[in-house]
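**Q** Provided below: model.txt, containing compact mmCIF, C-alpha atoms.
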```
# COMPACT_ATOMS: atom_id res chain seq x y z
CA MET A 255 22.41 -18.73 37.22
CA SER A 256 20.38 -19.54 34.13
CA ASP A 257 16.73 -18.51 33.75
CA ALA A 258 15.95 -22.19 33.24
CA VAL A 259 16.45 -22.75 36.97
CA GLU A 260 13.46 -20.53 37.73
CA TRP A 261 11.36 -22.20 35.01
CA SER A 262 12.33 -25.68 36.17
CA ILE A 263 11.35 -25.10 39.79
CA HIS A 264 8.00 -23.69 38.66
CA CYS A 265 7.49 -26.70 36.36
CA CYS A 266 8.24 -29.15 39.17
CA THR A 267 5.67 -27.47 41.43
CA VAL A 268 3.05 -27.77 38.67
CA LEU A 269 3.96 -31.42 38.04
CA ALA A 270 3.74 -32.06 41.79
CA ALA A 271 0.13 -30.89 41.75
CA LEU A 272 -0.94 -32.95 38.69
CA PRO A 273 -3.77 -35.45 39.01
CA GLU A 274 -2.56 -39.07 39.28
CA ASP A 275 -3.40 -39.98 35.67
CA GLN A 276 -2.05 -36.90 33.97
CA ALA A 277 1.23 -35.84 32.41
CA LEU A 278 2.17 -32.57 30.72
CA PRO A 279 4.18 -32.32 27.49
CA ALA A 280 7.06 -29.85 27.42
CA ALA A 281 5.13 -27.60 25.01
CA ARG A 282 2.20 -27.32 27.45
CA LEU A 283 4.52 -26.58 30.38
CA ALA A 284 6.08 -23.82 28.28
CA GLU A 285 2.64 -22.47 27.43
CA PHE A 286 1.51 -22.59 31.06
CA HIS A 287 4.52 -20.53 32.14
CA ASP A 288 4.82 -18.44 28.97
CA VAL A 289 8.50 -19.30 28.50
CA PRO A 290 10.46 -20.28 25.34
CA PRO A 291 9.52 -23.90 24.48
CA ALA A 292 12.90 -24.92 23.05
CA TYR A 293 14.87 -23.73 26.08
CA LEU A 294 12.38 -25.24 28.50
CA ALA A 295 12.52 -28.58 26.64
CA LYS A 296 16.27 -28.63 27.17
CA ALA A 297 15.86 -27.96 30.89
CA LEU A 298 13.25 -30.71 31.18
CA GLN A 299 15.62 -33.14 29.50
CA ALA A 300 18.25 -32.23 32.09
CA LEU A 301 15.68 -32.86 34.84
CA ALA A 302 14.89 -36.24 33.26
CA THR A 303 18.58 -37.17 33.13
CA ALA A 304 18.77 -36.38 36.85
CA GLU A 305 15.69 -38.57 37.42
CA ILE A 306 13.69 -35.66 38.81
CA VAL A 307 11.03 -35.91 36.08
CA GLU A 308 10.19 -38.77 33.76
CA SER A 309 8.67 -38.76 30.33
CA ARG A 310 5.57 -40.90 29.91
CA PRO A 311 4.79 -42.19 26.38
CA GLY A 312 1.38 -42.89 24.85
CA PRO A 313 -1.84 -40.94 24.37
CA HIS A 314 -1.43 -39.19 27.76
CA CYS A 315 2.22 -38.54 27.08
CA GLY A 316 4.21 -35.91 28.85
CA TYR A 317 6.28 -35.26 31.93
CA ARG A 318 5.53 -36.28 35.50
CA LEU A 319 7.71 -36.10 38.59
CA ALA A 320 9.87 -39.21 38.85
CA ARG A 321 9.90 -39.09 42.66
CA PRO A 322 7.58 -37.86 45.41
CA PRO A 323 7.75 -34.04 45.76
CA ALA A 324 9.14 -34.43 49.29
CA ASP A 325 12.11 -36.35 47.84
CA ILE A 326 13.14 -33.63 45.39
CA SER A 327 15.09 -30.75 46.90
CA VAL A 328 15.45 -27.37 45.27
CA LEU A 329 19.18 -28.07 45.18
CA ASP A 330 18.54 -31.23 43.11
CA ILE A 331 16.79 -29.06 40.49
CA VAL A 332 19.42 -26.32 40.47
CA LEU A 333 22.30 -28.77 40.06
CA ALA A 334 20.44 -30.76 37.38
CA VAL A 335 19.81 -27.65 35.29
CA ASP A 336 22.92 -25.56 35.88
CA GLY A 337 25.44 -28.33 36.55
CA ASP A 338 27.02 -29.30 39.85
CA GLY A 339 30.26 -27.36 39.52
CA THR A 340 31.12 -24.66 42.01
CA ALA A 341 30.46 -21.02 41.11
CA PHE A 342 33.94 -20.11 42.34
CA ARG A 343 36.64 -21.73 40.26
CA CYS A 344 40.11 -21.85 41.80
CA SER A 345 42.68 -21.57 39.02
CA GLU A 346 45.54 -22.07 41.49
CA ILE A 347 47.08 -18.71 40.79
CA ARG A 348 49.09 -19.21 43.97
CA GLN A 349 51.18 -21.64 41.89
CA ARG A 350 51.94 -19.00 39.28
CA GLY A 351 54.08 -15.90 39.19
CA PRO A 352 57.49 -15.09 40.70
CA ALA A 353 56.66 -16.13 44.29
CA ALA A 354 55.39 -19.61 43.47
CA SER A 355 57.12 -22.74 44.79
CA PRO A 356 56.68 -25.34 42.05
CA GLY A 357 56.21 -28.81 43.48
CA SER A 358 55.69 -27.61 47.06
CA SER A 359 53.68 -29.99 49.24
CA ALA A 360 51.81 -26.94 50.58
CA TYR A 361 49.79 -26.94 47.36
CA ARG A 362 48.20 -30.27 48.22
CA ARG A 363 45.80 -28.46 50.56
CA PRO A 364 43.28 -26.25 48.73
CA CYS A 365 44.13 -22.55 48.69
CA GLY A 366 42.77 -20.68 51.74
CA ILE A 367 40.88 -18.30 49.46
CA ALA A 368 39.15 -21.16 47.64
CA ARG A 369 38.23 -22.75 50.97
CA VAL A 370 36.49 -19.56 52.10
CA MET A 371 34.59 -19.31 48.82
CA TRP A 372 33.56 -22.96 48.81
CA ARG A 373 32.46 -22.82 52.47
CA ALA A 374 30.01 -20.09 51.44
CA GLU A 375 28.77 -22.26 48.56
CA ASP A 376 28.27 -25.13 51.03
CA ALA A 377 26.02 -22.82 53.10
CA TRP A 378 24.05 -21.95 49.95
CA ARG A 379 23.69 -25.64 49.05
CA ALA A 380 22.62 -26.53 52.59
CA GLU A 381 19.78 -23.99 52.42
CA LEU A 382 18.59 -25.27 49.05
CA SER A 383 18.86 -28.92 50.02
CA ALA A 384 16.65 -28.28 53.07
CA VAL A 385 13.68 -27.19 50.92
CA THR A 386 11.77 -29.69 48.80
CA VAL A 387 9.30 -29.33 45.97
CA GLY A 388 6.74 -30.57 48.49
CA ASP A 389 7.51 -27.62 50.79
CA ILE A 390 7.14 -25.18 47.91
CA VAL A 391 3.81 -26.64 46.84
CA THR A 392 2.52 -26.45 50.42
CA GLU A 393 3.62 -22.82 50.67
CA LEU A 394 2.12 -21.92 47.27
CA PHE A 395 -1.22 -23.49 48.15
CA ALA A 396 -1.27 -21.37 51.30
CA THR A 397 -0.44 -18.09 49.58
CA VAL A 398 -1.62 -18.17 45.95
CA PRO A 399 -5.15 -16.73 45.52
CA PRO A 400 -7.72 -19.61 45.24
CA GLU A 401 -9.04 -18.30 41.94
CA GLN A 402 -5.55 -18.63 40.45
CA LEU A 403 -5.25 -22.24 41.67
CA VAL A 404 -8.67 -23.02 40.16
CA ARG A 405 -7.77 -21.37 36.86
CA GLY A 406 -4.50 -23.33 36.73
CA ALA A 407 -6.22 -26.65 37.52
CA GLU A 408 -8.90 -26.01 34.86
CA TRP A 409 -6.32 -25.14 32.23
CA ILE A 410 -4.38 -28.34 33.02
CA GLN A 411 -7.56 -30.46 32.80
CA GLN A 412 -8.27 -28.93 29.40
CA VAL A 413 -4.93 -30.21 28.09
CA ASP A 414 -6.32 -33.76 27.92
CA VAL A 415 -9.73 -32.55 26.69
CA ARG A 416 -8.02 -30.75 23.81
CA ARG A 417 -5.93 -33.86 23.08
CA ARG A 418 -9.05 -36.04 22.86
CA SER A 419 -10.76 -33.53 20.59
CA ARG A 420 -7.84 -33.78 18.16
CA THR A 421 -7.99 -37.61 17.94
CA MET B 224 31.36 -15.99 38.99
CA SER B 225 34.11 -14.23 37.07
CA ASP B 226 37.76 -15.24 37.32
CA ALA B 227 38.46 -11.65 38.39
CA VAL B 228 36.96 -12.43 41.81
CA GLU B 229 39.75 -14.92 42.49
CA TRP B 230 42.41 -12.51 41.21
CA SER B 231 40.99 -9.62 43.22
CA ILE B 232 41.00 -11.51 46.52
CA HIS B 233 44.59 -12.57 45.89
CA CYS B 234 45.53 -8.98 45.04
CA CYS B 235 43.94 -7.66 48.23
CA THR B 236 45.91 -10.14 50.34
CA VAL B 237 49.15 -9.02 48.68
CA LEU B 238 48.25 -5.35 49.16
CA ALA B 239 47.43 -6.09 52.82
CA ALA B 240 50.98 -7.34 53.32
CA LEU B 241 52.71 -4.38 51.60
CA PRO B 242 55.22 -2.29 53.54
CA GLU B 243 53.80 1.05 54.75
CA ASP B 244 55.52 3.14 52.09
CA GLN B 245 54.84 0.94 49.09
CA ALA B 246 52.15 0.66 46.45
CA LEU B 247 51.86 -1.74 43.52
CA PRO B 248 50.80 -0.72 40.00
CA ALA B 249 48.18 -2.87 38.28
CA ALA B 250 50.78 -4.20 35.85
CA ARG B 251 52.97 -5.47 38.70
CA LEU B 252 50.00 -7.10 40.45
CA ALA B 253 49.19 -8.85 37.18
CA GLU B 254 52.81 -9.96 36.84
CA PHE B 255 52.92 -11.21 40.44
CA HIS B 256 49.83 -13.37 39.87
CA ASP B 257 50.50 -14.17 36.21
CA VAL B 258 47.03 -13.02 35.12
CA PRO B 259 45.95 -10.89 32.10
CA PRO B 260 46.90 -7.24 32.87
CA ALA B 261 43.97 -5.61 31.05
CA TYR B 262 41.32 -7.71 32.82
CA LEU B 263 43.00 -7.28 36.18
CA ALA B 264 43.19 -3.51 35.67
CA LYS B 265 39.43 -3.45 35.16
CA ALA B 266 38.87 -5.42 38.36
CA LEU B 267 41.18 -3.10 40.30
CA GLN B 268 39.21 -0.11 39.03
CA ALA B 269 36.03 -1.76 40.32
CA LEU B 270 37.74 -2.29 43.69
CA ALA B 271 38.76 1.40 43.69
CA THR B 272 35.18 2.49 42.92
CA ALA B 273 34.05 0.43 45.91
CA GLU B 274 36.76 2.12 48.03
CA ILE B 275 38.46 -1.19 48.77
CA VAL B 276 41.73 -0.11 47.13
CA GLU B 277 43.03 3.34 46.31
CA SER B 278 45.39 4.49 43.64
CA ARG B 279 48.37 6.49 44.86
CA PRO B 280 50.00 8.91 42.37
CA GLY B 281 53.65 9.95 42.13
CA PRO B 282 56.98 8.15 41.91
CA HIS B 283 55.76 5.33 44.20
CA CYS B 284 52.47 5.13 42.36
CA GLY B 285 50.21 2.13 42.49
CA TYR B 286 47.46 0.53 44.46
CA ARG B 287 47.16 0.17 48.22
CA LEU B 288 44.25 -0.99 50.34
CA ALA B 289 41.93 1.92 51.10
CA ARG B 290 40.91 0.46 54.46
CA PRO B 291 42.48 -1.79 57.12
CA PRO B 292 42.41 -5.48 56.01
CA ALA B 293 40.10 -6.31 58.94
CA ASP B 294 37.54 -3.84 57.53
CA ILE B 295 37.34 -5.46 54.09
CA SER B 296 35.20 -8.59 53.89
CA VAL B 297 35.48 -11.15 51.13
CA LEU B 298 31.87 -10.27 50.31
CA ASP B 299 32.89 -6.62 49.76
CA ILE B 300 35.37 -7.78 47.11
CA VAL B 301 33.00 -10.21 45.40
CA LEU B 302 30.21 -7.63 45.13
CA ALA B 303 32.60 -4.92 43.94
CA VAL B 304 33.94 -7.09 41.13
CA ASP B 305 30.88 -9.10 40.08
CA GLY B 306 28.13 -6.64 41.01
CA ASP B 307 25.70 -6.82 43.90
CA GLY B 308 22.76 -8.36 42.03
CA THR B 309 21.40 -11.73 43.08
CA ALA B 310 22.47 -14.85 41.15
CA PHE B 311 18.82 -15.94 40.99
CA ARG B 312 16.70 -13.53 39.00
CA CYS B 313 12.95 -13.80 39.50
CA SER B 314 11.23 -12.94 36.24
CA GLU B 315 7.80 -13.20 37.86
CA ILE B 316 6.68 -16.01 35.61
CA ARG B 317 3.85 -16.58 38.09
CA GLN B 318 2.29 -13.46 36.56
CA ARG B 319 2.39 -14.96 33.07
CA GLY B 320 0.47 -17.70 31.29
CA PRO B 321 -3.16 -18.83 31.46
CA ALA B 322 -3.37 -19.18 35.26
CA ALA B 323 -2.07 -15.70 36.11
CA SER B 324 -4.27 -13.17 37.95
CA PRO B 325 -3.24 -9.79 36.54
CA GLY B 326 -3.32 -7.08 39.18
CA SER B 327 -3.72 -9.51 42.10
CA SER B 328 -2.49 -8.15 45.43
CA ALA B 329 -0.91 -11.59 46.04
CA TYR B 330 1.91 -10.55 43.70
CA ARG B 331 3.04 -7.84 46.11
CA ARG B 332 4.81 -10.49 48.18
CA PRO B 333 7.84 -12.03 46.42
CA CYS B 334 7.21 -15.42 44.83
CA GLY B 335 7.80 -18.31 47.25
CA ILE B 336 10.35 -19.82 44.87
CA ALA B 337 12.35 -16.59 44.73
CA ARG B 338 12.26 -16.35 48.53
CA VAL B 339 13.80 -19.81 48.86
CA MET B 340 16.52 -18.97 46.35
CA TRP B 341 17.32 -15.61 47.92
CA ARG B 342 17.42 -17.08 51.43
CA ALA B 343 20.18 -19.40 50.19
CA GLU B 344 22.04 -16.43 48.71
CA ASP B 345 21.71 -14.65 52.06
CA ALA B 346 23.43 -17.65 53.70
CA TRP B 347 26.20 -17.43 51.09
CA ARG B 348 26.62 -13.71 51.70
CA ALA B 349 26.66 -14.19 55.47
CA GLU B 350 29.58 -16.63 55.17
CA LEU B 351 31.55 -14.30 52.92
CA SER B 352 30.85 -11.22 55.03
CA ALA B 353 32.19 -13.02 58.11
CA VAL B 354 35.67 -13.41 56.60
CA THR B 355 37.96 -10.43 56.11
CA VAL B 356 41.11 -9.87 54.10
CA GLY B 357 42.83 -9.73 57.50
CA ASP B 358 41.62 -13.26 58.28
CA ILE B 359 42.88 -14.54 54.94
CA VAL B 360 46.30 -12.96 55.39
CA THR B 361 46.58 -14.48 58.87
CA GLU B 362 45.66 -17.90 57.51
CA LEU B 363 48.06 -17.59 54.55
CA PHE B 364 50.95 -16.60 56.79
CA ALA B 365 50.26 -19.72 58.86
CA THR B 366 50.09 -22.12 55.90
CA VAL B 367 52.19 -20.79 53.01
CA PRO B 368 55.78 -22.15 53.05
CA PRO B 369 58.15 -19.52 54.53
CA GLU B 370 60.38 -19.61 51.44
CA GLN B 371 57.41 -18.59 49.31
CA LEU B 372 56.61 -15.65 51.60
CA VAL B 373 60.26 -14.55 51.44
CA ARG B 374 60.34 -14.87 47.65
CA GLY B 375 57.16 -12.83 47.37
CA ALA B 376 58.43 -10.12 49.71
CA GLU B 377 61.74 -9.88 47.83
CA TRP B 378 60.00 -9.61 44.48
CA ILE B 379 57.77 -6.82 45.81
CA GLN B 380 60.80 -4.92 47.22
CA GLN B 381 62.44 -5.18 43.84
CA VAL B 382 59.52 -3.34 42.21
CA ASP B 383 60.71 -0.05 43.71
CA VAL B 384 64.37 -0.92 43.10
CA ARG B 385 63.57 -1.47 39.41
CA ARG B 386 61.62 1.79 39.32
CA ARG B 387 64.56 3.74 40.76
CA SER B 388 66.97 2.14 38.29
CA ARG B 389 64.81 3.41 35.42
CA THR B 390 64.74 7.05 36.64
```
I need this file expressed as structure tokens, please.
**A**
Amino acid sequence: MSDAVEWSIHCCTVLAALPEDQALPAARLAEFHDVPPAYLAKALQALATAEIVESRPGPHCGYRLARPPADISVLDIVLAVDGDGTAFRCSEIRQRGPAASPGSSAYRRPCGIARVMWRAEDAWRAELSAVTVGDIVTELFATVPPEQLVRGAEWIQQVDVRRRSRT
Amino acid sequence: MSDAVEWSIHCCTVLAALPEDQALPAARLAEFHDVPPAYLAKALQALATAEIVESRPGPHCGYRLARPPADISVLDIVLAVDGDGTAFRCSEIRQRGPAASPGSSAYRRPCGIARVMWRAEDAWRAELSAVTVGDIVTELFATVPPEQLVRGAEWIQQVDVRRRSRT
């Protein structure tokens, strides 16, 4: 799993807590999380393609969530960033080698080994689809020290103050 | 996930079905599955380190299962070949950036995002630990066309015949 999955989930929780009128540019999200801006920008573009975030133009430009936090599952983010392929790839080796039966109708059904592996991935997906960005934000607000929440909120407010001071 | 996971599970099912007195060298297992011998040899060494297979010396040298098939879970094989680390790596980005609270006792508990991701991996592991090589062999015997099983068994018998003809 790429590091960008971790960054992207953190970014979505920050975007979920943004004031109504604010958006955060990719560079500020990278700064807030102290992660490489170029890689994070790529992940944010993937989130935008999946309609999880949207990019707002204009003087308050930047990213916002494209949907309510309760409508974005952790699985949505993982699949948007890392792709929706399975981790286990069946290369049909049962159809190779000296014991294979080329053309056999038995090969129409997926290989028993692949089915076991994919069933486990289904269980993983089910867990991640049951948790939303809204759930994570609720849990973070209950466990992160208040002074850290205040410091984060102040830093985010300053983004627009700094923008105005540059214009 | 590496391709060697797929190969290794297939190899273990073949080894589970070997006659009592037989073992299969890595090169023959690679030939049987039509996979790259050098990569498969590395995977088999990892399986031996994890005491899933054992290497038998002598004129009938080769690999056998080190434990009964019912005592080897698919998870055992996956972790032996691909390592037992988690797919999601938490780099503690909550402790970085302008909102972080260095030294806060709140960081002693794993990050809420990591806990969600690891809970999903636990579900994945639980599925894979519930299925054994014995289960897979049973399922394969019930679904693989009989002629393919016969062809496989004959090819495996011929391994020792070919060995004897060379000595």
**Q** Counting all atoms listed in the file, give me one row per residue of chain B with an atom at most 8 Å from an atom of chain A, showing the shortest contact pair and its distance in Å to one decimal, sorted by chain then residue number, as a Markdown table.
**A**
```
| residue | atom | partner | partner_atom | distance |
| --- | --- | --- | --- | --- |
| B:Met224 | CA | A:Ala341 | CA | 5.5 |
| B:Ser225 | CA | A:Phe342 | CA | 7.9 |
| B:Asp226 | CA | A:Arg343 | CA | 7.2 |
| B:Glu229 | CA | A:Cys344 | CA | 7.0 |
| B:Trp230 | CA | A:Ile347 | CA | 7.8 |
| B:Ile232 | CA | A:Ile367 | CA | 7.4 |
| B:His233 | CA | A:Ile367 | CA | 7.7 |
| B:Glu254 | CA | A:Gly351 | CA | 6.5 |
| B:Phe255 | CA | A:Gly351 | CA | 5.0 |
| B:His256 | CA | A:Gly351 | CA | 5.0 |
| B:Asp257 | CA | A:Gly351 | CA | 5.0 |
| B:Ala310 | CA | A:Met255 | CA | 5.5 |
| B:Phe311 | CA | A:Met255 | CA | 5.9 |
| B:Arg312 | CA | A:Asp257 | CA | 7.2 |
| B:Cys313 | CA | A:Glu260 | CA | 7.0 |
| B:Ile316 | CA | A:His287 | CA | 6.1 |
| B:Arg317 | CA | A:His287 | CA | 7.2 |
| B:Arg319 | CA | A:Asp288 | CA | 5.9 |
| B:Gly320 | CA | A:Asp288 | CA | 5.0 |
| B:Pro321 | CA | A:Phe286 | CA | 6.0 |
| B:Ala322 | CA | A:Gly406 | CA | 4.5 |
| B:Ala323 | CA | A:Gln402 | CA | 6.3 |
| B:Ser324 | CA | A:Gln402 | CA | 6.1 |
| B:Ala329 | CA | A:Val398 | CA | 6.6 |
| B:Gly335 | CA | A:Leu394 | CA | 6.7 |
| B:Ile336 | CA | A:Ile390 | CA | 6.9 |
| B:Val339 | CA | A:Leu382 | CA | 7.3 |
| B:Met340 | CA | A:Leu382 | CA | 7.2 |
| B:Arg342 | CA | A:Glu381 | CA | 7.4 |
| B:Ala343 | CA | A:Trp378 | CA | 4.6 |
| B:Glu344 | CA | A:Trp378 | CA | 6.0 |
| B:Asp345 | CA | A:Trp378 | CA | 8.0 |
| B:Ala346 | CA | A:Trp378 | CA | 5.7 |
| B:Trp347 | CA | A:Ala374 | CA | 4.7 |
| B:Arg348 | CA | A:Ala374 | CA | 7.2 |
| B:Ala349 | CA | A:Ala374 | CA | 7.9 |
| B:Glu350 | CA | A:Ala374 | CA | 5.1 |
| B:Leu351 | CA | A:Ala374 | CA | 6.2 |
| B:Val354 | CA | A:Val370 | CA | 7.7 |
| B:Ile359 | CA | A:Gly366 | CA | 6.9 |
| B:Glu362 | CA | A:Gly366 | CA | 7.0 |
| B:Leu363 | CA | A:Gly366 | CA | 6.7 |
| B:Thr366 | CA | A:Ala360 | CA | 7.4 |
| B:Val367 | CA | A:Ala360 | CA | 6.6 |
| B:Pro368 | CA | A:Ala360 | CA | 6.7 |
| B:Gln371 | CA | A:Ala353 | CA | 5.6 |
| B:Leu372 | CA | A:Ala353 | CA | 7.3 |
| B:Arg374 | CA | A:Ala353 | CA | 5.1 |
| B:Gly375 | CA | A:Ala353 | CA | 4.5 |
| B:Trp378 | CA | A:Pro352 | CA | 7.1 |
```
**Q** With C-alpha atoms retained, write the just-selected residues as a CSV table (one decimal), in the coordinates of the input.
**A**
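Once everything was written out, this is out_4.csv:
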```
chain,number,residue,atom,x,y,z
B,224,MET,CA,31.4,-16.0,39.0
B,225,SER,CA,34.1,-14.2,37.1
B,226,ASP,CA,37.8,-15.2,37.3
B,229,GLU,CA,39.8,-14.9,42.5
B,230,TRP,CA,42.4,-12.5,41.2
B,232,ILE,CA,41.0,-11.5,46.5
B,233,HIS,CA,44.6,-12.6,45.9
B,254,GLU,CA,52.8,-10.0,36.8
B,255,PHE,CA,52.9,-11.2,40.4
B,256,HIS,CA,49.8,-13.4,39.9
B,257,ASP,CA,50.5,-14.2,36.2
B,310,ALA,CA,22.5,-14.8,41.2
B,311,PHE,CA,18.8,-15.9,41.0
B,312,ARG,CA,16.7,-13.5,39.0
B,313,CYS,CA,13.0,-13.8,39.5
B,316,ILE,CA,6.7,-16.0,35.6
B,317,ARG,CA,3.8,-16.6,38.1
B,319,ARG,CA,2.4,-15.0,33.1
B,320,GLY,CA,0.5,-17.7,31.3
B,321,PRO,CA,-3.2,-18.8,31.5
B,322,ALA,CA,-3.4,-19.2,35.3
B,323,ALA,CA,-2.1,-15.7,36.1
B,324,SER,CA,-4.3,-13.2,38.0
B,329,ALA,CA,-0.9,-11.6,46.0
B,335,GLY,CA,7.8,-18.3,47.2
B,336,ILE,CA,10.4,-19.8,44.9
B,339,VAL,CA,13.8,-19.8,48.9
B,340,MET,CA,16.5,-19.0,46.4
B,342,ARG,CA,17.4,-17.1,51.4
B,343,ALA,CA,20.2,-19.4,50.2
B,344,GLU,CA,22.0,-16.4,48.7
B,345,ASP,CA,21.7,-14.6,52.1
B,346,ALA,CA,23.4,-17.6,53.7
B,347,TRP,CA,26.2,-17.4,51.1
B,348,ARG,CA,26.6,-13.7,51.7
B,349,ALA,CA,26.7,-14.2,55.5
B,350,GLU,CA,29.6,-16.6,55.2
B,351,LEU,CA,31.6,-14.3,52.9
B,354,VAL,CA,35.7,-13.4,56.6
B,359,ILE,CA,42.9,-14.5,54.9
B,362,GLU,CA,45.7,-17.9,57.5
B,363,LEU,CA,48.1,-17.6,54.6
B,366,THR,CA,50.1,-22.1,55.9
B,367,VAL,CA,52.2,-20.8,53.0
B,368,PRO,CA,55.8,-22.2,53.0
B,371,GLN,CA,57.4,-18.6,49.3
B,372,LEU,CA,56.6,-15.6,51.6
B,374,ARG,CA,60.3,-14.9,47.6
B,375,GLY,CA,57.2,-12.8,47.4
B,378,TRP,CA,60.0,-9.6,44.5
```
**Q** Would you mind listing what lies within 8 Å of Ser262 in chain A as a list in words, with all atoms listed in the file counted and same-chain residues fewer than 2 positions away left out?
**A**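 That gives Ala258, Val259, Glu260, His264, Cys265, Cys266, Leu294, Ala297, Leu298, Ile331 and Val335 of chain A.
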**Q** So how many Å separate CA of Lys265 in chain B and CA of Gly337 in chain A, to one decimal?
**A**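 That distance, rounded to one decimal, is 28.6 Å.
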**Q** Please report the interatomic distance between CA of Gln299 in chain A and CA of Gly316 in chain A in Å with one decimal.
**A**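 Atom-to-atom, CA of Gln299 in chain A and CA of Gly316 in chain A are spaced 11.8 Å apart.
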**Q** Quick check, in Å to one decimal: how far apart do CA of His314 in chain A and CA of Arg282 in chain A lie?
**A**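 Rounded to one decimal, the two atoms are 12.4 Å apart.
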**Q** Do you know which residues are at most 9 Å from Pro273 in chain A counting only C-alpha atoms, after dropping those on the same chain fewer than 4 positions away, and could you put them as a list in words?
**A**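 So the residues in contact are Leu269, Ala277 and Gln411 of chain A.
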**Q** Need the shell around Leu301 in chain A: protein/DNA/RNA residues with any atom at most 6 Å away, counting only C-alpha atoms. Skip same-chain ones fewer than 5 positions apart. Format as a PyMOL selection string?
**A** chain A and resi 306-307+334
**Q** For a quick check of understanding, using all atoms listed in the file, which of B:Asp294, B:Asp307, B:Glu277, B:Asp383 has the smallest distance to Asp244 in chain B?
**A** B:Asp383
**Q** Can you tell me, as a list of chain:residue names, what residues are no more than 8 Å from Gly357 in chain B when counting all atoms listed in the file, ignoring any on the same chain fewer than 5 positions away?
**A**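 Once the adjacent positions are removed, what remains is B:Thr236, B:Ala239, B:Pro291, B:Pro292, B:Ala293, B:Asp294, B:Ile295.
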**Q** Those residues you just picked out, can you put them in a file as a short mmCIF file (atom, residue, chain, number, x, y, z; two decimals), in the frame of the given file with C-alpha atoms?
**A**
```cif
data_model
loop_
_atom_site.label_atom_id
_atom_site.label_comp_id
_atom_site.auth_asym_id
_atom_site.auth_seq_id
_atom_site.Cartn_x
_atom_site.Cartn_y
_atom_site.Cartn_z
CA THR B 236 45.91 -10.14 50.34
CA ALA B 239 47.43 -6.09 52.82
CA PRO B 291 42.48 -1.79 57.12
CA PRO B 292 42.41 -5.48 56.01
CA ALA B 293 40.10 -6.31 58.94
CA ASP B 294 37.54 -3.84 57.53
CA ILE B 295 37.34 -5.46 54.09
#
```
